[in-house]
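my_file07.csv, holding CSV, C-alpha atoms:
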chain,number,residue,atom,x,y,z
N,1,MET,CA,67.6,45.0,27.3
N,2,LYS,CA,71.0,43.6,28.3
N,3,ILE,CA,73.7,45.2,30.5
N,4,LEU,CA,77.1,44.7,28.8
N,5,GLU,CA,79.5,46.7,31.0
N,6,VAL,CA,79.6,48.8,34.1
N,7,LYS,CA,82.6,51.2,34.6
N,8,LYS,CA,83.4,53.4,37.5
N,9,LEU,CA,84.2,57.0,36.3
N,10,THR,CA,85.2,58.8,39.5
N,11,TYR,CA,86.9,58.0,42.8
N,12,PHE,CA,85.4,60.2,45.5
N,13,SER,CA,84.7,58.8,49.0
N,14,HIS,CA,80.9,59.1,49.3
N,15,LEU,CA,79.4,59.4,45.8
N,16,ASN,CA,80.6,58.4,42.4
N,17,LEU,CA,79.5,58.3,38.7
N,18,PHE,CA,79.3,55.1,36.8
N,19,SER,CA,78.9,54.4,33.1
N,20,THR,CA,76.9,51.5,31.7
N,21,LYS,CA,76.9,50.0,28.2
N,22,TYR,CA,73.7,48.2,27.3
N,23,MET,CA,71.8,46.8,24.4
N,24,ASP,CA,68.4,48.4,23.9
N,25,LYS,CA,65.2,46.5,22.9
N,26,ILE,CA,66.0,46.6,19.2
N,27,GLY,CA,69.7,45.7,19.6
N,28,ASN,CA,71.4,49.2,19.5
N,29,LEU,CA,74.4,49.7,21.7
N,30,LYS,CA,73.7,52.6,24.2
N,31,SER,CA,75.3,54.1,27.3
N,32,TRP,CA,73.9,55.5,30.5
N,33,ILE,CA,75.6,57.5,33.3
N,34,PHE,CA,74.3,57.3,36.8
N,35,ALA,CA,75.4,58.1,40.4
N,36,SER,CA,75.9,55.7,43.3
N,37,ARG,CA,77.1,55.7,46.9
N,38,SER,CA,78.2,52.1,46.5
N,39,ASN,CA,81.4,50.7,45.0
N,40,SER,CA,79.3,47.9,43.5
N,41,PRO,CA,76.0,49.5,42.5
N,42,ALA,CA,72.8,47.6,42.1
N,43,VAL,CA,73.2,47.0,38.4
N,44,MET,CA,76.5,45.1,39.1
N,45,LYS,CA,74.9,43.1,41.9
N,46,ASN,CA,72.0,42.1,39.6
N,47,LYS,CA,74.4,41.2,36.8
N,48,ASN,CA,76.3,38.9,39.3
N,49,ASN,CA,73.0,37.5,40.7
N,50,ASP,CA,74.0,38.7,44.2
N,51,LEU,CA,70.3,38.8,45.2
N,52,GLU,CA,70.8,39.1,49.0
N,53,GLN,CA,73.0,42.2,48.7
N,54,SER,CA,70.9,43.7,45.9
N,55,SER,CA,67.8,43.6,48.2
N,56,ARG,CA,69.4,45.5,51.1
N,57,PRO,CA,68.5,49.2,51.1
N,58,ASN,CA,71.1,52.0,51.3
N,59,ALA,CA,69.1,54.0,53.8
N,60,VAL,CA,66.0,54.1,56.0
N,61,VAL,CA,63.4,56.8,55.9
N,62,ILE,CA,61.1,57.0,59.0
N,63,VAL,CA,57.4,58.1,59.1
N,64,PRO,CA,57.0,58.7,62.8
N,65,PHE,CA,53.6,59.2,64.5
N,66,HIS,CA,53.7,60.5,68.0
N,67,VAL,CA,51.3,58.5,70.2
N,68,GLU,CA,50.6,61.1,72.9
N,69,HIS,CA,50.4,64.1,70.6
N,70,GLN,CA,48.6,62.1,67.8
N,71,LYS,CA,50.7,64.0,65.3
N,72,LEU,CA,53.1,63.2,62.5
N,73,VAL,CA,56.7,64.1,63.2
N,74,ILE,CA,58.7,65.9,60.5
N,75,ILE,CA,62.0,67.6,60.4
N,76,LYS,CA,63.1,70.9,58.9
N,77,GLU,CA,66.7,70.3,57.8
N,78,PHE,CA,69.4,72.3,55.9
N,79,ARG,CA,70.3,70.3,52.7
N,80,VAL,CA,73.5,71.3,51.0
N,81,PRO,CA,72.6,70.2,47.4
N,82,ILE,CA,69.7,72.6,47.3
N,83,GLY,CA,71.3,75.2,49.6
N,84,ASP,CA,68.1,75.6,51.6
N,85,TYR,CA,66.0,74.1,54.3
N,86,GLN,CA,63.7,71.2,53.4
N,87,TYR,CA,60.8,69.6,55.3
N,88,GLY,CA,61.0,65.8,55.3
N,89,PHE,CA,61.2,62.7,57.5
N,90,PRO,CA,64.1,61.6,59.7
N,91,ALA,CA,66.4,59.4,57.7
N,92,GLY,CA,69.8,57.9,57.5
N,93,LEU,CA,72.2,55.5,55.8
N,94,MET,CA,72.3,52.0,57.2
N,95,ASP,CA,75.4,51.1,59.1
N,96,ARG,CA,77.1,47.8,58.4
N,97,GLY,CA,75.4,44.9,60.2
N,98,GLU,CA,72.3,46.9,61.1
N,99,SER,CA,68.8,45.8,60.4
N,100,VAL,CA,66.3,48.2,58.9
N,101,GLU,CA,64.5,48.4,62.3
N,102,GLU,CA,67.8,49.1,64.1
N,103,THR,CA,68.7,52.0,61.7
N,104,ALA,CA,65.2,53.4,62.2
N,105,THR,CA,65.5,53.3,66.0
N,106,ARG,CA,69.0,54.9,65.9
N,107,GLU,CA,68.2,57.6,63.4
N,108,LEU,CA,64.9,58.6,65.1
N,109,LYS,CA,66.8,59.1,68.3
N,110,GLU,CA,69.7,61.0,66.7
N,111,GLU,CA,67.6,63.3,64.6
N,112,THR,CA,64.5,63.9,66.8
N,113,GLY,CA,65.4,62.6,70.3
N,114,LEU,CA,62.2,60.4,70.2
N,115,GLN,CA,61.9,56.7,71.1
N,116,VAL,CA,60.2,54.0,69.1
N,117,VAL,CA,57.0,52.5,70.7
N,118,GLU,CA,56.0,50.1,67.9
N,119,ILE,CA,56.9,49.6,64.2
N,120,ILE,CA,53.6,49.6,62.2
N,121,ARG,CA,54.9,48.6,58.8
N,122,THR,CA,58.0,48.5,56.7
N,123,SER,CA,58.3,48.8,52.9
N,124,PRO,CA,60.5,46.5,50.9
N,125,THR,CA,63.6,48.0,49.3
N,126,ILE,CA,62.3,50.8,47.0
N,127,TYR,CA,64.2,53.1,44.7
N,128,SER,CA,64.5,56.9,44.9
N,129,SER,CA,65.0,57.9,41.3
N,130,THR,CA,66.2,55.1,39.0
N,131,GLY,CA,66.8,57.4,36.0
N,132,MET,CA,69.9,58.8,37.8
N,133,THR,CA,70.8,56.6,40.7
N,134,ASP,CA,70.5,53.1,42.2
N,135,GLU,CA,69.8,54.7,45.6
N,136,SER,CA,67.3,52.6,47.6
N,137,ILE,CA,65.5,53.0,50.9
N,138,SER,CA,63.1,51.2,53.2
N,139,LEU,CA,60.2,53.3,54.6
N,140,VAL,CA,59.5,52.5,58.2
N,141,TYR,CA,56.1,53.7,59.6
N,142,LEU,CA,56.3,53.7,63.4
N,143,LEU,CA,54.7,54.9,66.6
N,144,CYS,CA,57.0,57.0,68.8
N,145,THR,CA,57.0,58.8,72.2
N,146,GLY,CA,59.2,61.3,74.1
N,147,LYS,CA,60.2,64.9,74.0
N,148,PRO,CA,61.6,66.2,70.7
N,149,SER,CA,65.3,67.2,71.0
N,150,VAL,CA,68.2,67.6,68.7
N,151,GLU,CA,71.0,67.2,71.3
N,152,TRP,CA,72.0,63.9,69.7
N,153,SER,CA,72.4,65.3,66.2
N,154,GLU,CA,75.7,65.9,64.5
N,155,ASP,CA,77.3,69.4,64.0
N,156,SER,CA,76.8,69.0,60.3
N,157,GLU,CA,73.0,68.4,60.9
N,158,ASP,CA,71.0,71.6,61.2
N,159,ILE,CA,67.6,70.2,62.2
N,160,THR,CA,64.3,71.5,63.8
N,161,VAL,CA,61.7,68.9,64.9
N,162,LEU,CA,58.1,69.7,64.1
N,163,MET,CA,54.9,67.8,64.9
N,164,VAL,CA,51.8,68.3,62.7
N,165,SER,CA,48.1,67.4,63.0
N,166,SER,CA,46.1,66.7,59.9
N,167,GLU,CA,44.9,70.4,60.0
N,168,GLU,CA,48.5,71.7,60.4
N,169,ALA,CA,49.7,69.5,57.6
N,170,LYS,CA,47.1,71.1,55.3
N,171,GLU,CA,48.4,74.6,56.2
N,172,LEU,CA,52.0,73.6,55.8
N,173,LEU,CA,51.3,72.2,52.3
N,174,LEU,CA,49.8,75.5,51.3
N,175,ASN,CA,52.8,77.5,52.3
N,176,PRO,CA,54.7,78.5,49.1
N,177,ASN,CA,58.0,79.0,51.0
N,178,VAL,CA,58.2,75.5,52.3
N,179,LYS,CA,60.2,72.9,50.3
N,180,PHE,CA,59.3,69.3,50.7
N,181,ASP,CA,61.0,66.1,49.7
N,182,VAL,CA,58.9,63.7,47.6
N,183,LYS,CA,58.1,61.2,50.3
N,184,SER,CA,56.9,63.7,52.9
N,185,TRP,CA,54.8,65.6,50.4
N,186,ILE,CA,52.9,62.5,49.4
N,187,VAL,CA,52.4,61.2,52.9
N,188,LEU,CA,51.4,64.7,54.3
N,189,SER,CA,49.0,65.2,51.4
N,190,THR,CA,47.2,61.9,52.2
N,191,PHE,CA,47.3,62.7,56.0
N,192,ALA,CA,45.9,66.3,55.3
N,193,ARG,CA,43.0,65.0,53.2
N,194,THR,CA,42.1,61.8,55.1
N,195,GLY,CA,43.7,61.8,58.5
N,196,ILE,CA,45.4,58.5,57.8
N,197,ILE,CA,49.1,57.7,57.2
B,1,MET,CA,74.6,77.0,57.7
B,2,LYS,CA,76.2,78.9,54.9
B,3,ILE,CA,77.2,77.8,51.4
B,4,LEU,CA,80.7,79.2,50.6
B,5,GLU,CA,81.6,77.6,47.2
B,6,VAL,CA,80.1,75.3,44.6
B,7,LYS,CA,82.5,73.6,42.1
B,8,LYS,CA,81.8,71.4,39.1
B,9,LEU,CA,83.9,68.2,39.4
B,10,THR,CA,83.0,66.3,36.1
B,11,TYR,CA,82.0,67.3,32.6
B,12,PHE,CA,79.6,64.6,31.2
B,13,SER,CA,76.6,65.5,29.1
B,14,HIS,CA,73.6,64.4,31.2
B,15,LEU,CA,74.8,64.1,34.8
B,16,ASN,CA,77.7,65.5,36.8
B,17,LEU,CA,79.2,65.7,40.3
B,18,PHE,CA,79.6,68.9,42.2
B,19,SER,CA,81.5,69.8,45.4
B,20,THR,CA,80.2,72.3,47.9
B,21,LYS,CA,82.1,74.0,50.7
B,22,TYR,CA,79.9,75.1,53.6
B,23,MET,CA,80.1,76.3,57.1
B,24,ASP,CA,78.2,74.0,59.6
B,25,LYS,CA,76.0,75.3,62.5
B,26,ILE,CA,79.0,75.7,64.8
B,27,GLY,CA,81.3,77.3,62.2
B,28,ASN,CA,83.3,74.3,61.0
B,29,LEU,CA,84.3,74.2,57.3
B,30,LYS,CA,82.8,71.1,55.7
B,31,SER,CA,82.4,69.7,52.2
B,32,TRP,CA,79.6,67.8,50.4
B,33,ILE,CA,79.5,66.1,47.1
B,34,PHE,CA,76.3,65.7,45.1
B,35,ALA,CA,75.0,64.8,41.7
B,36,SER,CA,73.0,67.1,39.3
B,37,ARG,CA,71.6,67.0,35.8
B,38,SER,CA,71.9,70.8,35.7
B,39,ASN,CA,74.9,73.0,34.9
B,40,SER,CA,73.7,75.4,37.6
B,41,PRO,CA,72.3,73.2,40.3
B,42,ALA,CA,69.7,74.4,42.8
B,43,VAL,CA,72.3,75.3,45.4
B,44,MET,CA,73.8,77.9,42.9
B,45,LYS,CA,70.4,79.2,42.0
B,46,ASN,CA,69.5,79.7,45.7
B,47,LYS,CA,72.8,81.3,46.4
B,48,ASN,CA,72.2,83.8,43.5
B,49,ASN,CA,68.6,84.3,44.5
B,50,ASP,CA,67.4,83.1,41.1
B,51,LEU,CA,64.0,82.2,42.6
B,52,GLU,CA,62.1,81.7,39.4
B,53,GLN,CA,64.6,79.2,38.0
B,54,SER,CA,65.1,77.4,41.4
B,55,SER,CA,61.3,76.7,41.6
B,56,ARG,CA,61.0,75.0,38.2
B,57,PRO,CA,61.2,71.2,38.5
B,58,ASN,CA,63.6,69.0,36.4
B,59,ALA,CA,61.0,66.4,35.7
B,60,VAL,CA,57.3,65.5,35.9
B,61,VAL,CA,55.9,62.3,37.4
B,62,ILE,CA,52.4,61.4,36.5
B,63,VAL,CA,49.8,59.5,38.7
B,64,PRO,CA,47.2,58.5,36.0
B,65,PHE,CA,43.8,57.2,36.9
B,66,HIS,CA,41.9,55.6,33.9
B,67,VAL,CA,38.3,56.9,33.9
B,68,GLU,CA,36.6,54.0,32.1
B,69,HIS,CA,38.6,51.2,33.8
B,70,GLN,CA,38.6,53.0,37.2
B,71,LYS,CA,42.2,51.8,37.6
B,72,LEU,CA,45.6,53.3,38.3
B,73,VAL,CA,48.0,53.2,35.4
B,74,ILE,CA,51.6,52.1,36.2
B,75,ILE,CA,54.4,51.1,33.9
B,76,LYS,CA,57.0,48.3,34.2
B,77,GLU,CA,60.2,49.7,32.8
B,78,PHE,CA,63.8,48.5,32.4
B,79,ARG,CA,66.1,50.9,34.4
B,80,VAL,CA,69.8,50.8,33.7
B,81,PRO,CA,71.1,51.9,37.1
B,82,ILE,CA,69.5,48.9,38.8
B,83,GLY,CA,69.9,46.6,35.8
B,84,ASP,CA,66.3,45.3,36.3
B,85,TYR,CA,62.6,46.1,35.6
B,86,GLN,CA,61.0,48.6,38.0
B,87,TYR,CA,57.3,49.3,38.5
B,88,GLY,CA,56.6,53.0,38.7
B,89,PHE,CA,54.6,55.9,37.2
B,90,PRO,CA,55.1,57.4,33.7
B,91,ALA,CA,57.6,60.3,34.0
B,92,GLY,CA,60.0,62.4,32.0
B,93,LEU,CA,62.3,65.5,32.0
B,94,MET,CA,60.7,68.8,31.2
B,95,ASP,CA,61.6,70.2,27.8
B,96,ARG,CA,62.7,73.8,27.5
B,97,GLY,CA,59.7,76.1,27.5
B,98,GLU,CA,57.2,73.4,28.5
B,99,SER,CA,54.8,73.8,31.4
B,100,VAL,CA,54.3,71.0,33.9
B,101,GLU,CA,50.9,70.2,32.4
B,102,GLU,CA,52.4,70.0,28.9
B,103,THR,CA,55.2,67.7,30.0
B,104,ALA,CA,52.6,65.5,31.7
B,105,THR,CA,50.4,65.3,28.6
B,106,ARG,CA,53.4,64.6,26.3
B,107,GLU,CA,55.0,61.9,28.5
B,108,LEU,CA,51.7,60.2,29.3
B,109,LYS,CA,51.1,59.8,25.5
B,110,GLU,CA,54.7,58.7,24.8
B,111,GLU,CA,55.0,56.2,27.6
B,112,THR,CA,51.4,54.8,27.7
B,113,GLY,CA,49.6,55.9,24.6
B,114,LEU,CA,46.8,57.4,26.9
B,115,GLN,CA,45.2,60.9,26.7
B,116,VAL,CA,44.6,63.3,29.5
B,117,VAL,CA,40.9,64.0,30.4
B,118,GLU,CA,41.5,66.2,33.4
B,119,ILE,CA,44.3,67.2,35.7
B,120,ILE,CA,43.2,66.6,39.3
B,121,ARG,CA,46.1,68.2,41.3
B,122,THR,CA,49.7,69.1,40.9
B,123,SER,CA,52.4,69.2,43.5
B,124,PRO,CA,54.8,72.1,43.9
B,125,THR,CA,58.5,71.4,43.1
B,126,ILE,CA,59.5,68.6,45.4
B,127,TYR,CA,62.9,66.9,45.9
B,128,SER,CA,63.8,63.3,45.1
B,129,SER,CA,66.7,62.8,47.6
B,130,THR,CA,68.5,65.9,48.8
B,131,GLY,CA,71.3,64.0,50.5
B,132,MET,CA,72.7,63.2,47.1
B,133,THR,CA,71.1,65.3,44.4
B,134,ASP,CA,69.1,68.5,43.7
B,135,GLU,CA,66.8,66.6,41.4
B,136,SER,CA,63.3,67.9,41.7
B,137,ILE,CA,59.9,66.8,40.2
B,138,SER,CA,56.3,67.9,40.1
B,139,LEU,CA,53.7,65.1,40.7
B,140,VAL,CA,50.7,65.4,38.4
B,141,TYR,CA,47.6,63.5,39.4
B,142,LEU,CA,45.2,63.2,36.4
B,143,LEU,CA,42.3,61.4,34.9
B,144,CYS,CA,43.1,59.7,31.5
B,145,THR,CA,41.4,57.7,28.8
B,146,GLY,CA,42.3,55.6,25.7
B,147,LYS,CA,43.9,52.2,24.9
B,148,PRO,CA,47.3,51.6,26.4
B,149,SER,CA,50.1,51.4,23.7
B,150,VAL,CA,53.8,51.8,23.7
B,151,GLU,CA,54.1,52.6,20.0
B,152,TRP,CA,55.2,56.2,20.8
B,153,SER,CA,58.0,55.2,23.1
B,154,GLU,CA,61.7,55.4,22.2
B,155,ASP,CA,63.9,52.4,21.4
B,156,SER,CA,65.8,52.9,24.6
B,157,GLU,CA,62.5,52.6,26.6
B,158,ASP,CA,61.5,49.0,27.4
B,159,ILE,CA,58.0,49.6,28.8
B,160,THR,CA,54.9,47.6,29.6
B,161,VAL,CA,51.7,49.4,30.6
B,162,LEU,CA,49.6,48.0,33.4
B,163,MET,CA,46.3,49.0,35.0
B,164,VAL,CA,45.5,48.0,38.6
B,165,SER,CA,42.4,48.1,40.8
B,166,SER,CA,42.8,48.6,44.5
B,167,GLU,CA,42.6,44.7,44.9
B,168,GLU,CA,45.3,44.2,42.2
B,169,ALA,CA,47.5,46.9,43.8
B,170,LYS,CA,47.4,44.9,47.0
B,171,GLU,CA,48.5,41.7,45.3
B,172,LEU,CA,51.3,43.4,43.4
B,173,LEU,CA,52.6,45.0,46.6
B,174,LEU,CA,52.9,41.5,48.2
B,175,ASN,CA,54.9,40.1,45.2
B,176,PRO,CA,58.5,39.8,46.5
B,177,ASN,CA,59.9,39.9,42.9
B,178,VAL,CA,58.5,43.3,42.0
B,179,LYS,CA,60.7,46.3,42.4
B,180,PHE,CA,58.9,49.7,43.0
B,181,ASP,CA,60.1,53.2,43.0
B,182,VAL,CA,59.4,55.2,46.2
B,183,LYS,CA,56.5,57.3,44.7
B,184,SER,CA,54.6,54.4,43.2
B,185,TRP,CA,55.0,52.3,46.4
B,186,ILE,CA,53.6,55.0,48.7
B,187,VAL,CA,50.7,55.9,46.3
B,188,LEU,CA,49.8,52.2,45.6
B,189,SER,CA,49.9,51.3,49.3
B,190,THR,CA,47.4,54.0,50.1
B,191,PHE,CA,45.3,53.0,47.1
B,192,ALA,CA,45.4,49.3,48.2
B,193,ARG,CA,44.4,50.1,51.8
B,194,THR,CA,41.8,52.9,51.2
B,195,GLY,CA,40.8,52.9,47.5
B,196,ILE,CA,41.8,56.6,47.2
B,197,ILE,CA,44.7,58.2,45.4
Serialized structure, structure tokens:
Amino acid sequence: MKILEVKKLTYFSHLNLFSTKYMDKIGNLKSWIFASRSNSPAVMKNKNNDLEQSSRPNAVVIVPFHVEHQKLVIIKEFRVPIGDYQYGFPAGLMDRGESVEETATRELKEETGLQVVEIIRTSPTIYSSTGMTDESISLVYLLCTGKPSVEWSEDSEDITVLMVSSEEAKELLLNPNVKFDVKSWIVLSTFARTGII
Amino acid sequence: MKILEVKKLTYFSHLNLFSTKYMDKIGNLKSWIFASRSNSPAVMKNKNNDLEQSSRPNAVVIVPFHVEHQKLVIIKEFRVPIGDYQYGFPAGLMDRGESVEETATRELKEETGLQVVEIIRTSPTIYSSTGMTDESISLVYLLCTGKPSVEWSEDSEDITVLMVSSEEAKELLLNPNVKFDVKSWIVLSTFARTGII
């Protein structure tokens, strides 16, 4: 496979479509449209061998475990693209100059009011859905403390903070009215079945 | 939060941008742009109370465990939006009229040459990344058998099939040159640490 050309198709401020021309494995010329938050999406950075930039994630997703309550922290949040509430983990885009750990600490505070006690493990840069976007995240598993509060969240964020034990995770997963994101569903399923995260 | 309007911004065949006007939690008028593969994305279906259609996933992602080898099956696949190879699970869009189990069986065969022995569990419709898209999937954990082959894959699919034990998953996760998607990274991490999927 060989990428021949990447073209920006739209000029909105936060999200755009790009078109790619590439040669498939038997030499046919093909095209692929994808979405990106970046003005130079990952395929361009890889094409230009900009390895440092291509390895930095767009966003951080936090898997917070509350040390006193011994429960996983999740948020119920209104998400515009599905027009409904979704259960997932606190998350946010990385600000310029921030490290993954700094974004995790800031977003945990903003979205849940909780404080980081210790970072347990951090994933490398991993990709949300590479059929349609170059969006990448780093998953940060951490221990946290404090009293849940949404007073630091923005007006556009409609968030409720929940804490769940392994038993409560099991119940929540069985509720047909609850919508999960992919990451929280996989992590909660393991937690419900084994008690580990 | 209240969705007031959803407008289609582009007219490409496989992926488009949509703009949404909504009222935030304190009554301010806001807008949000997102990407969708559908001509009537999830926010429209929820707005119109089309519950049956809103619960059908766009795609199926398969977590295949090979019964004779006792290993997890993953694929290394070229992904245009990142211009590089990614390690992930076999997956594909649902064809019209197909059930989740039928898509899983068809895509497993097309992308790996393997046959389904038994479906272990299936997730509900879960969302890839609701900050930027309404894309939804169902995760299908299954037992499979057969000899890996890519002879049924399409010319635009550049795929290598791999099988990994818990030990091999651990090694792969430590390789800094390997790019994972979110789902395979979480599942392989648990498998590497505990031997369970």
Pick from N:Glu77, N:Glu68, N:Glu98, N:Asp158, whichever lies nearest to chain B using all atoms listed in the file: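 Of N:Glu77, N:Glu68, N:Glu98, N:Asp158, the one nearest chain B, counting all atoms listed in the file, is N:Asp158.
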Minimum-distance residue to chain N, chosen among B:Val164, B:Leu108, B:Val100, B:Ile3 (using all atoms listed in the file):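 Of B:Val164, B:Leu108, B:Val100, B:Ile3, the one nearest chain N is B:Ile3, counting all atoms listed in the file.
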Residue list for chain N near chain B as a ChimeraX atom specification, 6 Å, all atoms listed in the file: /N:24,42-43,81-83,126-128,133-134,156,180-182
Atomic distance CA of Lys109 (chain B) - CA of Ser165 (chain B), expressed in Å with one decimal: 21.1 Å
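Proximity to Gly195 (chain B) was assessed for B:Gln70, B:Asn39, B:Ser153, B:Thr112 counting all atoms listed in the file; the smallest distance is recorded for B:Gln70.
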Skip Ile62 (chain B) itself and residues of its chain fewer than 4 positions away, then list as a compact mmCIF listing (two decimals) with C-alpha atoms, in the frame of the given file all residues within 7 Å of it, counting all atoms listed in the file.
# COMPACT_ATOMS: atom_id res chain seq x y z
CA PHE B 89 54.60 55.90 37.20
CA PRO B 90 55.10 57.40 33.70
CA ALA B 91 57.60 60.30 34.00
CA ALA B 104 52.60 65.50 31.70
CA LEU B 139 53.70 65.10 40.70
CA VAL B 140 50.70 65.40 38.40
CA TYR B 141 47.60 63.50 39.40
CA of Leu142 (chain N) to CA of Val116 (chain N), distance in Å rounded to a single decimal: 6.9 Å
Straight-line distance linking CA of Gln115 (chain B) with CA of Val63 (chain B), stated in Å to one decimal: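 A separation of 12.9 Å between them.
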Residue contacts of Val161 (chain N) (9 Å, all atoms listed in the file) excluding same-chain residues fewer than 4 positions away, as a list in words: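 Here the qualifying residues turn out to be Val73, Ile74, Ile75, Lys76, Glu77, Glu111, Thr112, Pro148, Ser149 and Val150 of chain N.
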From B:Ser166, B:Ile120, B:Cys144, B:Asn177, residue lying nearest Thr105 (chain B) [all atoms listed in the file]: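 Closest candidate: B:Cys144.
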